Each structure stands twice: as C-alpha cells, then as structure tokens.
Amino acid sequence: MIDMKEFWGMMNVLDNADDVAIFVVSGRDGNILYCNHLVTVLTNAHAGSHVSQVWDMEDYQKANTRCNEGGTYRYLVEQSPFGKRRNVTVSKVVWSRGILAYSFVITAHVDDEEEAERDRIFSILGKDYRHIFLMDMMKGEVTTLLKPEAGGEGHYRAVYYHPVRFDEWKKELINEHAHPDDSEQLLHFLEPLEVRDQLSKGDYSFQYRRRQGDEFRWTELRFRRLSELNGRVVCTERDVQGETLVSGRERENEIILSSLSNVYRSIYLLDLQTKQYVTVKADTLLFGIPGEGSVDGLLEIVSEFIPDEGQRRDLNSAFSAEALAEAFSGDAENVVREYHSAISEGESWMSVNAFRPPYMQGMEDKCVLSFMDITEHKRVEEERNEKNIIIDILSSRYTCVYFVNLLDGSFHSIQVPQKYRYIEKQFATVDEAMTHYAKAYVLEQYRDIFLNNISTREIREQSDDGVFREYIYRTVEDQWIRLLIYTLNENGRPGVILLFEDNTDRMVQREMSLMYNAALLADYDYMFEYDPDIDQIYTLLFDGERLVRENSLDCGMHTERFKDLVPIHPDDLLMLVNACSQESLDETFAAGKTVSHMFLRRMTPEGYRLYMYGLHFYEDMGRRRVLIMARDSEREWI
C-alpha cells in the first residue's frame with residue numbers, strides 16, 4: 001500500500017506528464033481526491049468530481065475488488081478516454097487524514113506475447129461477441145479477453161491479463177448476471193467435469209438469461225478448443241435474444257439433434273400450449289407422419305402401429321399434451337414407455353420417450369417426442385435373462401442358489417451352504433426338498449405361505465406374469481431371508497432359478513410388515529391379523545419392539561363360531577365382517593386405500609363400551625392382509 005507522503009513527492013513529476021494519466025479516488029464516496037493535468041484535459045474532471053466522470057463504474061468496482069484481494073492489480077484496456085491499449089495499475093493509497101483511496105495509473109501498453117496470442121484468437125473468432133474468455137481448465141483459471149462496450153462518454157473494451165479462478169468467475173456469472181431461475185441449470189452446465197466431458201465430443205454450448213440493464217436477455221455461451229492454444233479453451237458469449245425468430249425451426253432442430261443420439265428413428269418437437277408439433281427428424285418409412293400438425297393426430301397415426309388395445313390407450317393417455325404438461329410441471333425429466341409394434345414382420349418393439357428439450361430460448365413450454373425401434377435390445381435383454389443370468393446369480397450376495405426343471409420338478413444346486421448340501425442328495429424333487437426345508441428352517445407362521453409360493457404348481461401358474469418375483473420370510477434361527485424366483489424358458493424347457501439372500505439387516509426393525517408403526521401399536525388395547533385367503537384370524541401382541549402372533553382363533557371371520565367368540569355387540573359385528581368381506585377387500589385394494597375406521601360396542605365387565613376400530617389393509621409376501629386394531633374410545637389418547 002502506497003503512503004500518501006511517498007505519493008505526494010511524485011505529483012509534481014506526474015502533473016505535467018503528457019503520456020501518463022493518474023487519478024486517486026476515495027474509497028468512501030468515489031470522489032476524486034487528485035488527478036493530474038492529462039486527466040483534466042481529456043475528461044474535464046478535477047478534484048471533487050465523481051470517478052464516473054473518468055472511468056466506467058462497473059470496471060472501477062471490479063478493479064477495486066481485485067486490488068483488495070491481491071494488492072496491486074494490473075490489467076489492460078483496449079479503448080479508454082486516455083487512448084487505445086493502455087495499461088492500468090490499481091493500488092491502495094492512504095490519503096491525508098487516513099482516508100483509504102485507490103490510485104489508477106494509466107500508461108501506454110507495449111506489445112507482448114500475451115497480446116499477440118489475443119490477436120490470434122480475435123483473428124480466428126472475430127470480435128462480434130459480448131465477451132471472450134480464455135480458460136486453462138488444468139489450472140482452473142479464466143482470463144477475460146474481451147468485454148462489451150459501456151455506454152456514454154469514456155466507453156471502452158477491457159482485457160484482463162491477470163486471470164481469476166474458474167470458481168470465482170462462475171460464481172460471479174451466476175450470482176450477479178444470470179436470471180435466478182437459471183442458477184441451477186448453470187451450476188450443472190459450468191461444472192468443470194461436465195465442460196471437459198462435453199468438449200471431448202466437440203464444441204459445447206448452452207443458453208441462459210443474462211442481465212443487461214433492467215432486463216434479462218437470452219445469451220449463448222460456447223466453449224471450443226483451438227489448436228493454437230495448446231489445450232486451453234476459448235469461451236464466447238453472444239446475445240441470441242429473438243434469434244430463433246429469425247432462423248426459426250432450423251436452429252431449434254440443429255440444437256435438438258446435436259444433443260441427441262442418432263439412434264432415434266424419428267423426433268418431434270411438441271408445443272404443450274398450442275398442442276401442435278413440428279418434425280425435427282422425419283422417418284416416413286416408419287410412420288409416414290406429416291411434417292407438422294396436432295399432437296392428437298400424431299398419436300393417432302402412431303397408435304395404428306400398436307396392435308394391443310390396452311397399449312394404444314396408454315400411448316394416447318401418457319403422451320397427450322395435457323399429460324406431458326402435467327408431468328413436466330412436476331419433477332419429471334422424461335416420460336418413457338415401451339410397446340409392441342407392427343412395424344415389421346414378427347415380434348417387434350418400439351420405445352416412446354418424451355423429455356425436456358435443451359435449455360434455450362423459446363423452449364420453455366415445449367418437449368421432445370422420440371420413437372426408437374428396440375426390438376434388438378429386447379432380444380438381447382431376453383437372451384441375457386435366459387442364458388447369462390448366471391452372472392448375477394453367482395454374486396456373493398446370495399447364500400443359496402438352485403435351478404429347478406418345472407417339467408419334472410427335479411433340481412440341482414448352483415451355490416449352497418455346507419449345512420444345506422444334504423437336501424439335494426436326499427430329495428428327488430424341489431417340492432419334497434422345500435417341504436423338508438420349511439419344516440426344519442422356516443418359522444411356523446411363514447411356513448404355509450413359503451410352501452405355497454415355492455411349489456412348482458404355483459410357479460407354473462404364474463410363469464406368464466414375468467421373469468422375476470420375490471418373497472420375504474423368517475427362519476427359526478431369527479433370520480430374515482429374501483427369496484427371488486427367476487422364470488426361464490430355454491428351448492421349450494420351462495424352469496426357474498431360486499435365490500436365497502440374507503435380508504436380516506433390512507428387516508431388523510420390522511416383524512410382520514413394513515407397514516407397522518411401533519409408536520402407534522403400543523397404544524391399542526386389542527390387535528388381530530386377518531388372512532382373507534384362508535379366512536384365518538390371529539391375535540397379536542406388541543412387546544415394545546415387535547408385533548408377534550400370540551395364537552390363532554381357530555375360526556374364520558365369516559363363521560358362526562367367530563360371532564360367539566368375539567365380544568362385540570351383535571348389531572355392530574356385521575360392520576366388521578362386511579369390512580373384511582371379499583367384495584370389500586377387492587374394492588379397498590383396487591382404490592389403493594390402506595386404513596379405515598369404525599366405532600363398535602365391545603363387551604366389558606361393566607357392560608358394553610364404545611371402541612374405535614382401525615383396519616389397516618396391506619400386502620405381505622404377495623398376499624393380502626388386514627391388521628385390526630381396537631382402542632377404548634373413552635380413554636384419552638396419548
């Protein structure tokens with residue numbers, strides 16, 4: 001920092017200099033404390049004038065900030081009130097009476113290697129940009145080569161040969177210049193790894209809204225590598241506000257196509273407000289769709305190539321303009337469906353994908369709709385499920401793996417713990433083996449469910465439902481086991497692969513179902529579990545940690561014995577029975593309801609009291625259940 005006394009001795013020399021401009025500005029109010037004769041002659045400023053009469057305020061404030069961060073700060077301006085290509089040196093000064101000030105010394109610039117490099121860049125790119133930045137991504141530094149002209153007297157273009165950190169440049173761009181709604185997008189676009197990855201594919205560009213005066217205008221940043229720069233990157237910024245109105249659809253299509261893979265058979269741009277579309281990439285051989293028209297018309301043509309009626313309805317429902325607008329107004333980034341198609345002979349598939357377009361001007365209420373033939377992908381996927389699934393199976397996550405031939409029930413182990421090895425030698429069919437396993441290792445209340453789901457009869461009946469199912473059960477050793485069943489059909493021989501995985505850690509806080517809430521269960525007077533498939537009722541006990549079955553009532557809910565055993569007023573009992581009827585269960589699960597409440601009178605030693613019953617409907621191991629919880633309604637809730 002220069003002391004004012006040291007500075008005072010130089011003023012006589014500088015006051016009469018005709019090639020050096022100097023002015024000192026108060027850091028408190030921006031008024032000029034001193035300027036030499038050259039400054040007064042060229043700008044008509046003098047001590048007491050505001051610095052804005054001499055220098056651009058934006059540049060003045062930025063230079064002061066750089067000076068405060070690193071002491072003396074030097075840069076170069078291409079045009080200024082004191083001539084072209086001038087060096088600027090900014091230093092802190094302690095003026096009389098302790099006033100902190102900033103001195104600006106402007107001198108003639110001598111051509112050097114950095115300037116020659118800048119001129120080479122300008123000769124390649126030109127100067128028709130608002131900003132040009134030179135970036136060293138390895139060092140994480142940004143040098144501003146060109147900035148826009150400021151209006152009014154003393155307009156100039158600035159060149160900063162002293163670079164700033166990339167993170168600092170990005171922070172300033174986002175916080176001070178970008179529209180607040182674009183901040184999240186810019187954070188992603190300007191992530192260094194994202195920039196490097198995109199540059200590996202060629203030029204990288206995107207658009208955002210930049211503040212210019214009192215308005216925001218659409219601006220494009222484009223990153224590119226130049227062979228002359230030894231690996232460094234040039235970033236240019238230009239105003240593209242309204243440009244799409246001039247170049248129209250061609251520019252939109254160019255940007256959309258440059259951001260997509262060429263695997264899409266056809267691509268369309270949908271306007272979700274007007275419900276119209278235009279063609280980005282046509283594929284008349286696939287659909288024969290007009291170049292533009294209504295979204296409903298587009299979907300009607302596409303649906304003709306989907307033979308399944310249900311899939312046709314799904315296409316028109318999921319990809320209507322209203323449905324897509326609702327999806328994108330939330331958190332959805334895309335909407336994807338796969339459908340059977342009749343485009344080619346034999347079985348074929350197509351994928352329909354709607355997603356947000358590249359972030360740019362004019363795309364706010366639009367989306368991209370694409371179609372792709374995925375028949376080969378489906379074939380490969382199916383082949384992997386049938387032939388290469390062993391790669392997954394042999395993963396160390398599984399404790400036991402069996403292959404089962406569904407034609408005769410025979411099985412053999414692929415991977416098995418030592419204690420289970422005798423099972424394969426002792427039993428000929430999987431039904432015999434799993435019956436033994438269930439009696440020896442599966443906890444009693446899970447035994448029937450386990451045997452039903454793993455029987456060859458049950459698996460054959462459900463083989464058309466998909467290639468994968470799973471069940472969770474508990475063992476007598478207090479372990480939770482996850483059973484996965486993969487259905488295979490190779491060369492006409494149906495089979496399954498059974499995988500057993502230790503699931504104890506995931507189930508440590510749960511007993512009967514993921515739906516149980518221990519904090520609430522502790523406050524009920526009576527609890528029951530009802531299994532509608534076998535019409536069986538169990539009494540439940542909450543021990544403070546787990547919900548466990550105490551015993552079975554040994555009667556169904558729809559039996560006369562149940563009516564005799566349950567101490568509910570006869571006039572009220574019908575409500576409970578009807579709530580657990582097959583018809584009510586079908587309606588409840590179809591509607592997605594999980595809890596319902598009712599008040600019933602229950603017998604107590606003092607007579608009948610009103611109890612609140614809560615019925616919780618849920619699924620456990622693929623089977624429907626009802627948790628029945630009763631509480632004295634006249635007892636204050638905790």
# chains A, B, ... in the order shown; residues from 1 in each chain; ligands from 1
call {"tool": "residues_around", "arguments": {"residues": "A:Ala321", "least_positions_apart": "4", "cutoff": "12 Å", "atoms": "only C-alpha atoms", "output": "VMD selection string"}}
result
chain A and resid 269 to 277 294 to 299 315 to 317 325 to 328 354 365 to 369
call {"tool": "residues_around", "arguments": {"residues": "A:His412", "least_positions_apart": "6", "cutoff": "10 Å", "atoms": "only C-alpha atoms", "output": "list in words"}}
result
Val401, Tyr402, Phe403, Val404, Asn405, Ile423, Glu424, Lys425, Ala428, Thr429, Val430 and Ile497 of chain A
call {"tool": "closest_residue", "arguments": {"among": "A:Pro494, A:Pro570, A:Gly614, A:Gly556", "to": "A:Met527", "atoms": "only C-alpha atoms"}}
result
A:Gly614
call {"tool": "closest_residue", "arguments": {"among": "A:Ser103, A:Thr588, A:Gln198, A:Gln61", "to": "A:Val24", "atoms": "only C-alpha atoms"}}
result
A:Ser103
call {"tool": "residues_around", "arguments": {"residues": "stretch 608-612 of chain A", "least_positions_apart": "5", "cutoff": "10 Å", "atoms": "only C-alpha atoms", "output": "PyMOL selection string"}}
result
chain A and resi 524-525+567-569+597-603+629-635
call {"tool": "write_last_selection", "arguments": {"atoms": "C-alpha atoms", "output": "JSON list (two decimals), in the first residue's frame"}}
result
[["chain", "number", "residue", "atom", "x", "y", "z"],
["A", 524, "TYR", "CA", -54.06, -50.19, 21.26],
["A", 525, "ASP", "CA", -55.99, -52.47, 23.62],
["A", 567, "PRO", "CA", -67.23, -59.88, 22.38],
["A", 568, "ILE", "CA", -68.72, -57.28, 20.01],
["A", 569, "HIS", "CA", -72.34, -56.24, 20.17],
["A", 597, "HIS", "CA", -62.07, -46.58, 10.95],
["A", 598, "MET", "CA", -65.32, -47.56, 12.64],
["A", 599, "PHE", "CA", -66.84, -47.44, 16.14],
["A", 600, "LEU", "CA", -68.16, -50.68, 17.63],
["A", 601, "ARG", "CA", -69.58, -51.59, 21.03],
["A", 602, "ARG", "CA", -67.45, -54.17, 22.86],
["A", 603, "MET", "CA", -68.39, -56.25, 25.89],
["A", 629, "MET", "CA", -56.62, -52.55, 15.96],
["A", 630, "ALA", "CA", -59.12, -51.70, 18.71],
["A", 631, "ARG", "CA", -58.95, -48.99, 21.36],
["A", 632, "ASP", "CA", -61.32, -47.79, 24.08],
["A", 633, "SER", "CA", -62.70, -44.54, 22.61],
["A", 634, "GLU", "CA", -63.45, -43.14, 26.06],
["A", 635, "ARG", "CA", -59.79, -43.41, 27.11]]
call {"tool": "atom_distance", "arguments": {"atom1": "atom CA of A:Gln479", "atom2": "atom CA of A:Leu451"}}
result
17.5 Å
call {"tool": "residues_around", "arguments": {"residues": "stretch 40-54 of chain A", "least_positions_apart": "5", "cutoff": "7 Å", "atoms": "only C-alpha atoms", "output": "ChimeraX atom specification"}}
result
/A:25,30-35,81
call {"tool": "write_last_selection", "arguments": {"atoms": "C-alpha atoms", "output": "CSV table (one decimal), in the first residue's frame"}}
result
chain,number,residue,atom,x,y,z
A,25,VAL,CA,-10.3,8.1,-5.8
A,30,GLY,CA,-16.0,7.5,-5.0
A,31,ASN,CA,-14.9,11.2,-5.4
A,32,ILE,CA,-11.6,12.1,-7.0
A,33,LEU,CA,-9.0,13.2,-4.4
A,34,TYR,CA,-6.4,14.0,-7.0
A,35,CYS,CA,-5.9,13.8,-10.8
A,81,PRO,CA,-10.6,8.1,-22.6
call {"tool": "select_by_dssp", "arguments": {"residues": "stretch 106-192 of chain A", "states": "helix (DSSP H, G or I)", "output": "JSON, numbers by chain"}}
result
{"A": [113, 114, 115, 116, 117, 118, 119, 120, 121, 122, 123, 124, 125, 166, 167, 168, 169, 170, 171, 172, 173, 174, 175, 176, 177, 180, 181, 182, 183, 184, 185, 186, 187, 188, 189, 192]}
call {"tool": "write_last_selection", "arguments": {"atoms": "N, CA and C atoms", "output": "JSON list (two decimals), in the first residue's frame"}}
result
[["chain", "number", "residue", "atom", "x", "y", "z"],
["A", 113, "GLU", "N", 3.86, -10.92, -25.80],
["A", 113, "GLU", "CA", 3.44, -12.25, -26.26],
["A", 113, "GLU", "C", 1.98, -12.51, -25.97],
["A", 114, "GLU", "N", 1.48, -12.06, -24.80],
["A", 114, "GLU", "CA", 0.08, -12.28, -24.45],
["A", 114, "GLU", "C", -0.85, -11.53, -25.40],
["A", 115, "GLU", "N", -0.45, -10.33, -25.78],
["A", 115, "GLU", "CA", -1.27, -9.56, -26.70],
["A", 115, "GLU", "C", -1.28, -10.21, -28.08],
["A", 116, "ALA", "N", -0.13, -10.75, -28.47],
["A", 116, "ALA", "CA", -0.06, -11.44, -29.76],
["A", 116, "ALA", "C", -0.99, -12.65, -29.78],
["A", 117, "GLU", "N", -1.05, -13.36, -28.65],
["A", 117, "GLU", "CA", -1.95, -14.51, -28.55],
["A", 117, "GLU", "C", -3.39, -14.06, -28.63],
["A", 118, "ARG", "N", -3.72, -12.98, -27.97],
["A", 118, "ARG", "CA", -5.07, -12.45, -28.01],
["A", 118, "ARG", "C", -5.46, -12.08, -29.43],
["A", 119, "ASP", "N", -4.55, -11.45, -30.15],
["A", 119, "ASP", "CA", -4.83, -11.05, -31.54],
["A", 119, "ASP", "C", -5.05, -12.27, -32.43],
["A", 120, "ARG", "N", -4.31, -13.36, -32.16],
["A", 120, "ARG", "CA", -4.51, -14.59, -32.94],
["A", 120, "ARG", "C", -5.92, -15.13, -32.70],
["A", 121, "ILE", "N", -6.35, -15.09, -31.44],
["A", 121, "ILE", "CA", -7.70, -15.57, -31.12],
["A", 121, "ILE", "C", -8.75, -14.70, -31.81],
["A", 122, "PHE", "N", -8.56, -13.38, -31.77],
["A", 122, "PHE", "CA", -9.51, -12.47, -32.42],
["A", 122, "PHE", "C", -9.52, -12.69, -33.93],
["A", 123, "SER", "N", -8.37, -13.01, -34.51],
["A", 123, "SER", "CA", -8.33, -13.22, -35.96],
["A", 123, "SER", "C", -9.09, -14.48, -36.36],
["A", 124, "ILE", "N", -9.16, -15.45, -35.43],
["A", 124, "ILE", "CA", -9.89, -16.70, -35.70],
["A", 124, "ILE", "C", -11.38, -16.51, -35.45],
["A", 125, "LEU", "N", -11.72, -15.90, -34.31],
["A", 125, "LEU", "CA", -13.12, -15.81, -33.89],
["A", 125, "LEU", "C", -13.79, -14.52, -34.31],
["A", 166, "PHE", "N", -11.49, -20.15, -11.81],
["A", 166, "PHE", "CA", -12.70, -20.57, -12.54],
["A", 166, "PHE", "C", -13.92, -20.52, -11.62],
["A", 167, "ASP", "N", -13.78, -21.00, -10.38],
["A", 167, "ASP", "CA", -14.91, -20.99, -9.45],
["A", 167, "ASP", "C", -15.37, -19.57, -9.16],
["A", 168, "GLU", "N", -14.43, -18.64, -9.08],
["A", 168, "GLU", "CA", -14.78, -17.24, -8.84],
["A", 168, "GLU", "C", -15.51, -16.65, -10.03],
["A", 169, "TRP", "N", -15.03, -16.96, -11.23],
["A", 169, "TRP", "CA", -15.69, -16.49, -12.45],
["A", 169, "TRP", "C", -17.10, -17.06, -12.54],
["A", 170, "LYS", "N", -17.25, -18.34, -12.25],
["A", 170, "LYS", "CA", -18.57, -18.98, -12.31],
["A", 170, "LYS", "C", -19.52, -18.38, -11.28],
["A", 171, "LYS", "N", -19.03, -18.17, -10.08],
["A", 171, "LYS", "CA", -19.86, -17.61, -9.01],
["A", 171, "LYS", "C", -20.36, -16.22, -9.39],
["A", 172, "GLU", "N", -19.48, -15.40, -9.95],
["A", 172, "GLU", "CA", -19.88, -14.05, -10.35],
["A", 172, "GLU", "C", -20.92, -14.11, -11.46],
["A", 173, "LEU", "N", -20.71, -14.99, -12.43],
["A", 173, "LEU", "CA", -21.65, -15.11, -13.54],
["A", 173, "LEU", "C", -23.04, -15.50, -13.04],
["A", 174, "ILE", "N", -23.11, -16.47, -12.13],
["A", 174, "ILE", "CA", -24.40, -16.97, -11.65],
["A", 174, "ILE", "C", -25.07, -15.98, -10.71],
["A", 175, "ASN", "N", -24.30, -15.46, -9.75],
["A", 175, "ASN", "CA", -24.89, -14.63, -8.70],
["A", 175, "ASN", "C", -25.19, -13.20, -9.13],
["A", 176, "GLU", "N", -24.39, -12.66, -10.04],
["A", 176, "GLU", "CA", -24.52, -11.25, -10.38],
["A", 176, "GLU", "C", -25.17, -10.99, -11.74],
["A", 177, "HIS", "N", -25.09, -11.94, -12.65],
["A", 177, "HIS", "CA", -25.55, -11.66, -14.01],
["A", 177, "HIS", "C", -26.70, -12.54, -14.48],
["A", 180, "PRO", "N", -32.25, -15.58, -11.77],
["A", 180, "PRO", "CA", -32.29, -16.52, -10.63],
["A", 180, "PRO", "C", -32.84, -17.90, -11.00],
["A", 181, "ASP", "N", -33.80, -17.96, -11.92],
["A", 181, "ASP", "CA", -34.38, -19.25, -12.30],
["A", 181, "ASP", "C", -33.41, -20.11, -13.10],
["A", 182, "ASP", "N", -32.32, -19.53, -13.60],
["A", 182, "ASP", "CA", -31.35, -20.28, -14.39],
["A", 182, "ASP", "C", -30.17, -20.76, -13.56],
["A", 183, "SER", "N", -30.14, -20.43, -12.28],
["A", 183, "SER", "CA", -28.96, -20.72, -11.45],
["A", 183, "SER", "C", -28.65, -22.21, -11.39],
["A", 184, "GLU", "N", -29.69, -23.03, -11.16],
["A", 184, "GLU", "CA", -29.47, -24.47, -11.02],
["A", 184, "GLU", "C", -28.94, -25.07, -12.31],
["A", 185, "GLN", "N", -29.50, -24.63, -13.45],
["A", 185, "GLN", "CA", -29.02, -25.12, -14.74],
["A", 185, "GLN", "C", -27.56, -24.73, -14.96],
["A", 186, "LEU", "N", -27.23, -23.49, -14.65],
["A", 186, "LEU", "CA", -25.86, -23.02, -14.87],
["A", 186, "LEU", "C", -24.85, -23.76, -13.99],
["A", 187, "LEU", "N", -25.24, -24.07, -12.77],
["A", 187, "LEU", "CA", -24.33, -24.82, -11.90],
["A", 187, "LEU", "C", -23.95, -26.15, -12.54],
["A", 188, "HIS", "N", -24.93, -26.78, -13.21],
["A", 188, "HIS", "CA", -24.64, -28.04, -13.90],
["A", 188, "HIS", "C", -23.83, -27.80, -15.17],
["A", 189, "PHE", "N", -24.27, -26.83, -15.99],
["A", 189, "PHE", "CA", -23.59, -26.58, -17.26],
["A", 189, "PHE", "C", -22.13, -26.19, -17.06],
["A", 192, "PRO", "N", -16.86, -28.12, -13.99],
["A", 192, "PRO", "CA", -15.66, -28.40, -14.79],
["A", 192, "PRO", "C", -15.65, -29.77, -15.45]]
call {"tool": "residues_around", "arguments": {"residues": "A:Val88", "least_positions_apart": "3", "cutoff": "8 Å", "atoms": "only C-alpha atoms", "output": "CSV table (one decimal) with C-alpha atoms, in the first residue's frame"}}
result
chain,number,residue,atom,x,y,z
A,74,ARG,CA,-2.8,-4.7,-13.3
A,75,TYR,CA,-4.7,-5.1,-16.5
A,76,LEU,CA,-5.1,-3.6,-19.9
A,77,VAL,CA,-8.0,-1.7,-21.6
A,104,PHE,CA,-5.3,4.4,-11.1
A,105,VAL,CA,-2.2,4.9,-13.2
A,106,ILE,CA,-2.8,4.6,-17.0
A,107,THR,CA,0.2,4.2,-19.2
call {"tool": "residues_around", "arguments": {"residues": "A:Ser341", "least_positions_apart": "5", "cutoff": "12 Å", "atoms": "only C-alpha atoms", "output": "PyMOL selection string"}}
result
chain A and resi 286-287+302-309+311-312+346-352+371-375
call {"tool": "atom_distance", "arguments": {"atom1": "atom CA of A:Leu221", "atom2": "atom CA of A:Glu141"}}
result
16.9 Å
call {"tool": "residues_around", "arguments": {"residues": "A:Asp502", "least_positions_apart": "5", "cutoff": "10 Å", "atoms": "only C-alpha atoms", "output": "list in words"}}
result
Arg397, Tyr398, Thr399, Cys400, Ile472, Gln479, Trp480, Ile481, Arg482 and Leu483 of chain A
call {"tool": "atom_distance", "arguments": {"atom1": "atom CA of A:Arg623", "atom2": "atom CA of A:Val595"}}
result
16.9 Å
call {"tool": "closest_residue", "arguments": {"among": "A:Glu501, A:Ala342, A:His109, A:Arg337", "to": "A:Gln415", "atoms": "only C-alpha atoms"}}
result
A:Glu501
